[in-house]
Amino acid sequence: MKMRTYVVEDNLTIRDNLISTLEELAPVEAVGSAETEAESAQWLTHHPAQWDLAIVDLFLKKGSGLGVLEACRQRKPRQKIVVFSNYATHEMRTRCAELGVDAVFDKSTEIDCLLAYCVTQSRKLETAAGSAANDDSMRQPA
């Protein structure tokens with residue numbers, strides 16, 4: 001099952017390379033992207049049924065990835081938000097955890113960890129979808 005993924009990254013080259021890498025090596029389908037806090041927060045909060053994973057950089061053209069994280073605090077439990085940044089310091093990881101982020105990955109050293117995370121989360125979504133389908137079939141009158 002492919003995870004519907006929204007990418008928040010202001011560098012076009014990094015964004016395009018990240019999306020193509022994720023779609024090639026992990027069960028990911030990019031459903032959109034943005035380069036500003038306002039655009040990202042608006043799309044993610046107004047389209048809750050259209051994404052499973054948001055990958056957020058901390059430094060954006062306008063605003064901050066922290067604002068995006070704050071805007072998405074009330075997301076559904078199945079929806080995951082990860083930070084992918086060159087600024088993955090201990091302090092920033094702590095701040096992200098306070099904002100409910102599911103994981104933080106360093107752009108320069110942890111792309112493999114991000115890919116593994118996507119594979120794991122996709123399997124969890126698939127398992128949950130299968131369980132929900134089984135529950136629905138059990139409720140059907142014979």
# chains A, B, ... in the order shown; residues from 1 in each chain; ligands from 1
>>> residues_around(residues="Ile55 of chain A", least_positions_apart="6", cutoff="8 Å", atoms="only C-alpha atoms", output="PyMOL selection string")
chain A and resi 5-8+81-84
>>> residues_around(residues="segment 56-65 of chain A", least_positions_apart="5", cutoff="10 Å", atoms="only C-alpha atoms", output="PDB file with all heavy atoms, in the first residue's frame")
ATOM      1  N   TYR A   6       2.837  14.143   1.455  1.00  0.00           N
ATOM      2  CA  TYR A   6       2.924  15.572   1.148  1.00  0.00           C
ATOM      3  C   TYR A   6       4.300  16.050   1.602  1.00  0.00           C
ATOM      4  O   TYR A   6       4.703  15.798   2.740  1.00  0.00           O
ATOM      5  CB  TYR A   6       1.815  16.325   1.885  1.00  0.00           C
ATOM      6  CG  TYR A   6       1.635  17.747   1.429  1.00  0.00           C
ATOM      7  CD1 TYR A   6       0.847  18.033   0.315  1.00  0.00           C
ATOM      8  CD2 TYR A   6       2.240  18.795   2.093  1.00  0.00           C
ATOM      9  CE1 TYR A   6       0.669  19.337  -0.114  1.00  0.00           C
ATOM     10  CE2 TYR A   6       2.067  20.104   1.676  1.00  0.00           C
ATOM     11  CZ  TYR A   6       1.282  20.368   0.575  1.00  0.00           C
ATOM     12  OH  TYR A   6       1.115  21.670   0.147  1.00  0.00           O
ATOM     13  N   VAL A   7       5.025  16.737   0.723  1.00  0.00           N
ATOM     14  CA  VAL A   7       6.396  17.155   1.005  1.00  0.00           C
ATOM     15  C   VAL A   7       6.457  18.677   1.151  1.00  0.00           C
ATOM     16  O   VAL A   7       6.029  19.413   0.260  1.00  0.00           O
ATOM     17  CB  VAL A   7       7.355  16.684  -0.111  1.00  0.00           C
ATOM     18  CG1 VAL A   7       8.773  17.167   0.150  1.00  0.00           C
ATOM     19  CG2 VAL A   7       7.314  15.160  -0.233  1.00  0.00           C
ATOM     20  N   VAL A   8       6.994  19.111   2.285  1.00  0.00           N
ATOM     21  CA  VAL A   8       7.173  20.530   2.560  1.00  0.00           C
ATOM     22  C   VAL A   8       8.673  20.810   2.502  1.00  0.00           C
ATOM     23  O   VAL A   8       9.414  20.475   3.427  1.00  0.00           O
ATOM     24  CB  VAL A   8       6.600  20.910   3.944  1.00  0.00           C
ATOM     25  CG1 VAL A   8       6.761  22.399   4.193  1.00  0.00           C
ATOM     26  CG2 VAL A   8       5.134  20.488   4.046  1.00  0.00           C
ATOM     27  N   GLU A   9       9.106  21.396   1.401  1.00  0.00           N
ATOM     28  CA  GLU A   9      10.533  21.652   1.149  1.00  0.00           C
ATOM     29  C   GLU A   9      10.633  22.825   0.188  1.00  0.00           C
ATOM     30  O   GLU A   9       9.996  22.808  -0.865  1.00  0.00           O
ATOM     31  CB  GLU A   9      11.173  20.403   0.553  1.00  0.00           C
ATOM     32  CG  GLU A   9      12.560  20.575  -0.005  1.00  0.00           C
ATOM     33  CD  GLU A   9      13.589  20.988   1.022  1.00  0.00           C
ATOM     34  OE1 GLU A   9      13.799  20.233   1.996  1.00  0.00           O
ATOM     35  OE2 GLU A   9      14.188  22.072   0.864  1.00  0.00           O
ATOM     36  N   ASP A  10      11.426  23.838   0.533  1.00  0.00           N
ATOM     37  CA  ASP A  10      11.498  25.029  -0.315  1.00  0.00           C
ATOM     38  C   ASP A  10      12.561  24.954  -1.401  1.00  0.00           C
ATOM     39  O   ASP A  10      12.520  25.719  -2.354  1.00  0.00           O
ATOM     40  CB  ASP A  10      11.695  26.292   0.524  1.00  0.00           C
ATOM     41  CG  ASP A  10      13.004  26.308   1.278  1.00  0.00           C
ATOM     42  OD1 ASP A  10      13.600  25.237   1.466  1.00  0.00           O
ATOM     43  OD2 ASP A  10      13.422  27.407   1.697  1.00  0.00           O
ATOM     44  N   ASN A  11      13.481  24.012  -1.314  1.00  0.00           N
ATOM     45  CA  ASN A  11      14.503  23.878  -2.336  1.00  0.00           C
ATOM     46  C   ASN A  11      13.985  22.922  -3.415  1.00  0.00           C
ATOM     47  O   ASN A  11      13.801  21.727  -3.164  1.00  0.00           O
ATOM     48  CB  ASN A  11      15.793  23.347  -1.705  1.00  0.00           C
ATOM     49  CG  ASN A  11      16.923  23.222  -2.695  1.00  0.00           C
ATOM     50  OD1 ASN A  11      16.802  22.540  -3.700  1.00  0.00           O
ATOM     51  ND2 ASN A  11      18.030  23.878  -2.385  1.00  0.00           N
ATOM     52  N   ARG A  15      13.559  18.910  -3.217  1.00  0.00           N
ATOM     53  CA  ARG A  15      12.183  18.398  -3.231  1.00  0.00           C
ATOM     54  C   ARG A  15      11.983  17.391  -4.355  1.00  0.00           C
ATOM     55  O   ARG A  15      11.479  16.291  -4.127  1.00  0.00           O
ATOM     56  CB  ARG A  15      11.198  19.562  -3.358  1.00  0.00           C
ATOM     57  CG  ARG A  15       9.745  19.117  -3.293  1.00  0.00           C
ATOM     58  CD  ARG A  15       8.788  20.298  -3.275  1.00  0.00           C
ATOM     59  NE  ARG A  15       8.879  21.101  -4.467  1.00  0.00           N
ATOM     60  CZ  ARG A  15       9.137  22.418  -4.493  1.00  0.00           C
ATOM     61  NH1 ARG A  15       9.328  23.086  -3.379  1.00  0.00           N
ATOM     62  NH2 ARG A  15       9.192  23.071  -5.634  1.00  0.00           N
ATOM     63  N   SER A  33       3.024  19.154  -2.725  1.00  0.00           N
ATOM     64  CA  SER A  33       4.186  19.736  -2.070  1.00  0.00           C
ATOM     65  C   SER A  33       3.986  21.234  -1.955  1.00  0.00           C
ATOM     66  O   SER A  33       3.133  21.813  -2.637  1.00  0.00           O
ATOM     67  CB  SER A  33       5.462  19.434  -2.860  1.00  0.00           C
ATOM     68  OG  SER A  33       5.413  20.042  -4.138  1.00  0.00           O
ATOM     69  N   ALA A  34       4.775  21.837  -1.076  1.00  0.00           N
ATOM     70  CA  ALA A  34       4.725  23.285  -0.898  1.00  0.00           C
ATOM     71  C   ALA A  34       6.064  23.754  -0.374  1.00  0.00           C
ATOM     72  O   ALA A  34       6.858  22.960   0.140  1.00  0.00           O
ATOM     73  CB  ALA A  34       3.611  23.659   0.067  1.00  0.00           C
ATOM     74  N   GLU A  35       6.295  25.062  -0.499  1.00  0.00           N
ATOM     75  CA  GLU A  35       7.567  25.618  -0.050  1.00  0.00           C
ATOM     76  C   GLU A  35       7.402  26.682   1.025  1.00  0.00           C
ATOM     77  O   GLU A  35       8.379  27.267   1.458  1.00  0.00           O
ATOM     78  CB  GLU A  35       8.354  26.172  -1.232  1.00  0.00           C
ATOM     79  CG  GLU A  35       7.621  27.198  -2.048  1.00  0.00           C
ATOM     80  CD  GLU A  35       8.379  27.574  -3.315  1.00  0.00           C
ATOM     81  OE1 GLU A  35       9.089  26.733  -3.890  1.00  0.00           O
ATOM     82  OE2 GLU A  35       8.242  28.745  -3.712  1.00  0.00           O
ATOM     83  N   THR A  36       6.161  26.919   1.490  1.00  0.00           N
ATOM     84  CA  THR A  36       5.939  27.897   2.550  1.00  0.00           C
ATOM     85  C   THR A  36       5.106  27.298   3.679  1.00  0.00           C
ATOM     86  O   THR A  36       4.370  26.328   3.480  1.00  0.00           O
ATOM     87  CB  THR A  36       5.197  29.147   2.035  1.00  0.00           C
ATOM     88  OG1 THR A  36       3.863  28.787   1.684  1.00  0.00           O
ATOM     89  CG2 THR A  36       5.913  29.783   0.841  1.00  0.00           C
ATOM     90  N   GLU A  37       5.230  27.903   4.852  1.00  0.00           N
ATOM     91  CA  GLU A  37       4.461  27.455   6.009  1.00  0.00           C
ATOM     92  C   GLU A  37       2.963  27.583   5.761  1.00  0.00           C
ATOM     93  O   GLU A  37       2.202  26.636   6.008  1.00  0.00           O
ATOM     94  CB  GLU A  37       4.855  28.285   7.231  1.00  0.00           C
ATOM     95  CG  GLU A  37       4.041  27.981   8.470  1.00  0.00           C
ATOM     96  CD  GLU A  37       4.379  28.902   9.638  1.00  0.00           C
ATOM     97  OE1 GLU A  37       5.498  29.440   9.691  1.00  0.00           O
ATOM     98  OE2 GLU A  37       3.507  29.066  10.513  1.00  0.00           O
ATOM     99  N   ALA A  38       2.525  28.729   5.277  1.00  0.00           N
ATOM    100  CA  ALA A  38       1.090  28.975   5.107  1.00  0.00           C
ATOM    101  C   ALA A  38       0.461  28.005   4.111  1.00  0.00           C
ATOM    102  O   ALA A  38      -0.592  27.422   4.381  1.00  0.00           O
ATOM    103  CB  ALA A  38       0.852  30.419   4.668  1.00  0.00           C
ATOM    104  N   GLU A  39       1.094  27.827   2.966  1.00  0.00           N
ATOM    105  CA  GLU A  39       0.555  26.921   1.940  1.00  0.00           C
ATOM    106  C   GLU A  39       0.491  25.486   2.458  1.00  0.00           C
ATOM    107  O   GLU A  39      -0.506  24.782   2.264  1.00  0.00           O
ATOM    108  CB  GLU A  39       1.413  27.004   0.682  1.00  0.00           C
ATOM    109  CG  GLU A  39       0.912  26.148  -0.461  1.00  0.00           C
ATOM    110  CD  GLU A  39       1.826  26.197  -1.680  1.00  0.00           C
ATOM    111  OE1 GLU A  39       2.883  26.859  -1.643  1.00  0.00           O
ATOM    112  OE2 GLU A  39       1.476  25.536  -2.668  1.00  0.00           O
ATOM    113  N   SER A  40       1.546  25.062   3.137  1.00  0.00           N
ATOM    114  CA  SER A  40       1.599  23.701   3.670  1.00  0.00           C
ATOM    115  C   SER A  40       0.534  23.467   4.731  1.00  0.00           C
ATOM    116  O   SER A  40      -0.205  22.479   4.680  1.00  0.00           O
ATOM    117  CB  SER A  40       2.973  23.433   4.298  1.00  0.00           C
ATOM    118  OG  SER A  40       3.991  23.660   3.374  1.00  0.00           O
ATOM    119  N   ALA A  41       0.467  24.370   5.690  1.00  0.00           N
ATOM    120  CA  ALA A  41      -0.493  24.221   6.785  1.00  0.00           C
ATOM    121  C   ALA A  41      -1.922  24.234   6.253  1.00  0.00           C
ATOM    122  O   ALA A  41      -2.761  23.446   6.688  1.00  0.00           O
ATOM    123  CB  ALA A  41      -0.295  25.324   7.818  1.00  0.00           C
ATOM    124  N   GLU A  70       2.874  22.664  14.172  1.00  0.00           N
ATOM    125  CA  GLU A  70       1.875  23.174  15.110  1.00  0.00           C
ATOM    126  C   GLU A  70       0.469  23.089  14.509  1.00  0.00           C
ATOM    127  O   GLU A  70      -0.479  22.676  15.180  1.00  0.00           O
ATOM    128  CB  GLU A  70       2.196  24.621  15.491  1.00  0.00           C
ATOM    129  CG  GLU A  70       1.240  25.228  16.476  1.00  0.00           C
ATOM    130  CD  GLU A  70       1.329  24.621  17.869  1.00  0.00           C
ATOM    131  OE1 GLU A  70       2.438  24.337  18.340  1.00  0.00           O
ATOM    132  OE2 GLU A  70       0.260  24.432  18.486  1.00  0.00           O
ATOM    133  N   ALA A  71       0.337  23.444  13.239  1.00  0.00           N
ATOM    134  CA  ALA A  71      -0.965  23.419  12.573  1.00  0.00           C
ATOM    135  C   ALA A  71      -1.533  22.007  12.461  1.00  0.00           C
ATOM    136  O   ALA A  71      -2.752  21.825  12.412  1.00  0.00           O
ATOM    137  CB  ALA A  71      -0.852  24.041  11.177  1.00  0.00           C
ATOM    138  N   ILE A  81       3.742  12.594  10.727  1.00  0.00           N
ATOM    139  CA  ILE A  81       4.516  13.763  10.308  1.00  0.00           C
ATOM    140  C   ILE A  81       5.956  13.536  10.742  1.00  0.00           C
ATOM    141  O   ILE A  81       6.224  13.215  11.901  1.00  0.00           O
ATOM    142  CB  ILE A  81       3.980  15.064  10.915  1.00  0.00           C
ATOM    143  CG1 ILE A  81       2.593  15.363  10.363  1.00  0.00           C
ATOM    144  CG2 ILE A  81       4.939  16.219  10.611  1.00  0.00           C
ATOM    145  CD1 ILE A  81       2.039  16.703  10.759  1.00  0.00           C
ATOM    146  N   VAL A  82       6.861  13.692   9.781  1.00  0.00           N
ATOM    147  CA  VAL A  82       8.278  13.590  10.079  1.00  0.00           C
ATOM    148  C   VAL A  82       8.981  14.860   9.621  1.00  0.00           C
ATOM    149  O   VAL A  82       8.535  15.534   8.689  1.00  0.00           O
ATOM    150  CB  VAL A  82       8.933  12.350   9.423  1.00  0.00           C
ATOM    151  CG1 VAL A  82       8.258  11.073   9.897  1.00  0.00           C
ATOM    152  CG2 VAL A  82       8.924  12.432   7.918  1.00  0.00           C
ATOM    153  N   VAL A  83      10.052  15.174  10.299  1.00  0.00           N
ATOM    154  CA  VAL A  83      10.898  16.303   9.924  1.00  0.00           C
ATOM    155  C   VAL A  83      12.115  15.739   9.202  1.00  0.00           C
ATOM    156  O   VAL A  83      12.708  14.757   9.647  1.00  0.00           O
ATOM    157  CB  VAL A  83      11.303  17.119  11.172  1.00  0.00           C
ATOM    158  CG1 VAL A  83      12.416  18.100  10.856  1.00  0.00           C
ATOM    159  CG2 VAL A  83      10.091  17.838  11.739  1.00  0.00           C
ATOM    160  N   PHE A  84      12.467  16.375   8.083  1.00  0.00           N
ATOM    161  CA  PHE A  84      13.640  16.007   7.285  1.00  0.00           C
ATOM    162  C   PHE A  84      14.424  17.290   7.080  1.00  0.00           C
ATOM    163  O   PHE A  84      14.036  18.133   6.270  1.00  0.00           O
ATOM    164  CB  PHE A  84      13.183  15.378   5.967  1.00  0.00           C
ATOM    165  CG  PHE A  84      14.285  14.754   5.159  1.00  0.00           C
ATOM    166  CD1 PHE A  84      15.080  13.756   5.699  1.00  0.00           C
ATOM    167  CD2 PHE A  84      14.504  15.132   3.856  1.00  0.00           C
ATOM    168  CE1 PHE A  84      16.084  13.158   4.958  1.00  0.00           C
ATOM    169  CE2 PHE A  84      15.499  14.545   3.093  1.00  0.00           C
ATOM    170  CZ  PHE A  84      16.300  13.556   3.645  1.00  0.00           C
ATOM    171  N   SER A  85      15.495  17.456   7.850  1.00  0.00           N
ATOM    172  CA  SER A  85      16.168  18.752   7.896  1.00  0.00           C
ATOM    173  C   SER A  85      17.667  18.597   8.125  1.00  0.00           C
ATOM    174  O   SER A  85      18.112  17.610   8.710  1.00  0.00           O
ATOM    175  CB  SER A  85      15.563  19.577   9.041  1.00  0.00           C
ATOM    176  OG  SER A  85      16.246  20.791   9.210  1.00  0.00           O
ATOM    177  N   ASN A  86      18.418  19.595   7.699  1.00  0.00           N
ATOM    178  CA  ASN A  86      19.842  19.662   8.010  1.00  0.00           C
ATOM    179  C   ASN A  86      20.067  20.166   9.431  1.00  0.00           C
ATOM    180  O   ASN A  86      21.194  20.188   9.906  1.00  0.00           O
ATOM    181  CB  ASN A  86      20.572  20.579   7.024  1.00  0.00           C
ATOM    182  CG  ASN A  86      20.756  19.937   5.680  1.00  0.00           C
ATOM    183  OD1 ASN A  86      21.023  18.750   5.574  1.00  0.00           O
ATOM    184  ND2 ASN A  86      20.609  20.722   4.633  1.00  0.00           N
ATOM    185  N   TYR A  87      19.007  20.575  10.081  1.00  0.00           N
ATOM    186  CA  TYR A  87      19.103  21.158  11.419  1.00  0.00           C
ATOM    187  C   TYR A  87      18.482  20.217  12.451  1.00  0.00           C
ATOM    188  O   TYR A  87      17.663  20.601  13.262  1.00  0.00           O
ATOM    189  CB  TYR A  87      18.410  22.527  11.424  1.00  0.00           C
ATOM    190  CG  TYR A  87      18.738  23.378  12.617  1.00  0.00           C
ATOM    191  CD1 TYR A  87      20.020  23.875  12.817  1.00  0.00           C
ATOM    192  CD2 TYR A  87      17.765  23.686  13.549  1.00  0.00           C
ATOM    193  CE1 TYR A  87      20.323  24.658  13.911  1.00  0.00           C
ATOM    194  CE2 TYR A  87      18.060  24.469  14.656  1.00  0.00           C
ATOM    195  CZ  TYR A  87      19.336  24.945  14.832  1.00  0.00           C
ATOM    196  OH  TYR A  87      19.629  25.711  15.921  1.00  0.00           O
ATOM    197  N   ALA A  88      18.888  18.958  12.409  1.00  0.00           N
ATOM    198  CA  ALA A  88      18.321  17.947  13.297  1.00  0.00           C
ATOM    199  C   ALA A  88      19.159  17.821  14.569  1.00  0.00           C
ATOM    200  O   ALA A  88      19.646  16.745  14.913  1.00  0.00           O
ATOM    201  CB  ALA A  88      18.224  16.610  12.570  1.00  0.00           C
ATOM    202  N   MET A  92      16.473  20.618  18.605  1.00  0.00           N
ATOM    203  CA  MET A  92      15.390  20.665  17.617  1.00  0.00           C
ATOM    204  C   MET A  92      14.583  19.365  17.644  1.00  0.00           C
ATOM    205  O   MET A  92      13.362  19.386  17.511  1.00  0.00           O
ATOM    206  CB  MET A  92      15.937  20.924  16.218  1.00  0.00           C
ATOM    207  CG  MET A  92      14.846  21.242  15.217  1.00  0.00           C
ATOM    208  SD  MET A  92      13.741  22.608  15.697  1.00  0.00           S
ATOM    209  CE  MET A  92      14.830  24.000  15.589  1.00  0.00           C
ATOM    210  N   CYS A  96      10.616  19.277  18.278  1.00  0.00           N
ATOM    211  CA  CYS A  96       9.724  18.568  17.352  1.00  0.00           C
ATOM    212  C   CYS A  96       8.883  17.535  18.096  1.00  0.00           C
ATOM    213  O   CYS A  96       7.688  17.390  17.828  1.00  0.00           O
ATOM    214  CB  CYS A  96      10.527  17.919  16.227  1.00  0.00           C
ATOM    215  SG  CYS A  96      11.244  19.104  15.068  1.00  0.00           S
ATOM    216  N   VAL A 101       5.683  15.411  16.564  1.00  0.00           N
ATOM    217  CA  VAL A 101       6.291  14.808  15.378  1.00  0.00           C
ATOM    218  C   VAL A 101       6.587  13.338  15.648  1.00  0.00           C
ATOM    219  O   VAL A 101       6.976  12.962  16.752  1.00  0.00           O
ATOM    220  CB  VAL A 101       7.579  15.578  15.009  1.00  0.00           C
ATOM    221  CG1 VAL A 101       8.392  14.852  13.963  1.00  0.00           C
ATOM    222  CG2 VAL A 101       7.226  16.961  14.520  1.00  0.00           C
ATOM    223  N   VAL A 104      12.303  12.428  13.388  1.00  0.00           N
ATOM    224  CA  VAL A 104      13.143  13.478  12.820  1.00  0.00           C
ATOM    225  C   VAL A 104      14.323  12.801  12.151  1.00  0.00           C
ATOM    226  O   VAL A 104      14.966  11.925  12.743  1.00  0.00           O
ATOM    227  CB  VAL A 104      13.649  14.462  13.909  1.00  0.00           C
ATOM    228  CG1 VAL A 104      14.585  15.502  13.303  1.00  0.00           C
ATOM    229  CG2 VAL A 104      12.476  15.128  14.620  1.00  0.00           C
ATOM    230  N   PHE A 105      14.607  13.210  10.911  1.00  0.00           N
ATOM    231  CA  PHE A 105      15.712  12.645  10.147  1.00  0.00           C
ATOM    232  C   PHE A 105      16.610  13.759   9.643  1.00  0.00           C
ATOM    233  O   PHE A 105      16.127  14.789   9.175  1.00  0.00           O
ATOM    234  CB  PHE A 105      15.182  11.837   8.948  1.00  0.00           C
ATOM    235  CG  PHE A 105      14.273  10.713   9.353  1.00  0.00           C
ATOM    236  CD1 PHE A 105      12.901  10.835   9.235  1.00  0.00           C
ATOM    237  CD2 PHE A 105      14.794   9.531   9.861  1.00  0.00           C
ATOM    238  CE1 PHE A 105      12.049   9.809   9.612  1.00  0.00           C
ATOM    239  CE2 PHE A 105      13.952   8.495  10.245  1.00  0.00           C
ATOM    240  CZ  PHE A 105      12.573   8.629  10.117  1.00  0.00           C
ATOM    241  N   ASP A 106      17.914  13.540   9.714  1.00  0.00           N
ATOM    242  CA  ASP A 106      18.901  14.485   9.220  1.00  0.00           C
ATOM    243  C   ASP A 106      19.070  14.271   7.715  1.00  0.00           C
ATOM    244  O   ASP A 106      19.341  13.148   7.279  1.00  0.00           O
ATOM    245  CB  ASP A 106      20.230  14.268   9.950  1.00  0.00           C
ATOM    246  CG  ASP A 106      21.245  15.340   9.634  1.00  0.00           C
ATOM    247  OD1 ASP A 106      21.550  15.551   8.440  1.00  0.00           O
ATOM    248  OD2 ASP A 106      21.746  15.965  10.583  1.00  0.00           O
ATOM    249  N   LYS A 107      18.927  15.337   6.942  1.00  0.00           N
ATOM    250  CA  LYS A 107      19.037  15.220   5.485  1.00  0.00           C
ATOM    251  C   LYS A 107      20.378  14.660   5.037  1.00  0.00           C
ATOM    252  O   LYS A 107      20.443  13.918   4.060  1.00  0.00           O
ATOM    253  CB  LYS A 107      18.860  16.593   4.816  1.00  0.00           C
ATOM    254  CG  LYS A 107      17.467  17.073   4.686  1.00  0.00           C
ATOM    255  CD  LYS A 107      17.472  18.407   3.952  1.00  0.00           C
ATOM    256  CE  LYS A 107      16.098  19.016   3.919  1.00  0.00           C
ATOM    257  NZ  LYS A 107      16.104  20.340   3.281  1.00  0.00           N
TER     258      LYS A 107
END
>>> select_by_dssp(residues="segment 33-123 of chain A", states="alpha helix (DSSP H)", output="JSON, numbers by chain")
{"A": [37, 38, 39, 40, 41, 42, 43, 44, 45, 46, 65, 66, 67, 68, 69, 70, 71, 90, 91, 92, 93, 94, 95, 96, 97, 98, 111, 112, 113, 114, 115, 116, 117, 118, 119, 120, 121, 122, 123]}
>>> closest_residue(among="A:Lys76, A:Glu29, A:Ser131, A:Leu22", to="Ala116 of chain A", atoms="only C-alpha atoms")
A:Leu22
>>> select_by_dssp(residues="chain A", states="strand (DSSP E)", output="list in words")
Met3, Arg4, Thr5, Tyr6, Val7, Val8, Val28, Glu29, Ala30, Val31, Gly32, Ser33, Ala34, Leu53, Ala54, Ile55, Val56, Lys80, Ile81, Val82, Val83, Phe84, Ser85, Ala103, Val104, Phe105 and Asp106 of chain A
>>> residues_around(residues="Ala49 of chain A", least_positions_apart="3", cutoff="10 Å", atoms="only C-alpha atoms", output="short mmCIF file (atom, residue, chain, number, x, y, z; two decimals) with N, CA, C and O atoms, in the first residue's frame")
data_model
loop_
_atom_site.label_atom_id
_atom_site.label_comp_id
_atom_site.auth_asym_id
_atom_site.auth_seq_id
_atom_site.Cartn_x
_atom_site.Cartn_y
_atom_site.Cartn_z
N ARG A 4 0.22 8.06 0.87
CA ARG A 4 0.00 9.35 0.21
C ARG A 4 0.79 10.40 1.01
O ARG A 4 0.50 10.64 2.17
N LEU A 44 -2.59 20.78 4.31
CA LEU A 44 -2.64 19.62 5.21
C LEU A 44 -3.87 19.65 6.12
O LEU A 44 -4.49 18.61 6.36
N THR A 45 -4.26 20.82 6.61
CA THR A 45 -5.40 20.89 7.52
C THR A 45 -6.74 20.87 6.79
O THR A 45 -7.75 20.47 7.37
N HIS A 46 -6.76 21.27 5.52
CA HIS A 46 -8.02 21.29 4.76
C HIS A 46 -8.23 20.04 3.90
O HIS A 46 -9.26 19.92 3.26
N ASP A 52 -1.35 10.56 4.17
CA ASP A 52 -0.97 9.64 5.24
C ASP A 52 0.32 10.08 5.93
O ASP A 52 0.53 9.80 7.10
N LYS A 76 -5.26 12.95 12.43
CA LYS A 76 -5.71 11.60 12.80
C LYS A 76 -4.52 10.75 13.22
O LYS A 76 -3.41 10.96 12.73
N GLN A 79 -2.18 9.39 10.58
CA GLN A 79 -1.38 10.34 9.82
C GLN A 79 -0.07 10.61 10.55
O GLN A 79 -0.07 10.93 11.73
#
>>> closest_residue(among="A:Asp16, A:Thr21, A:Met1, A:Thr89", to="Leu115 of chain A", atoms="only C-alpha atoms")
A:Thr21
>>> residues_around(residues="Pro27 of chain A", least_positions_apart="3", cutoff="7 Å", atoms="only C-alpha atoms", output="PyMOL selection string")
chain A and resi 1-3+23+118-119+122
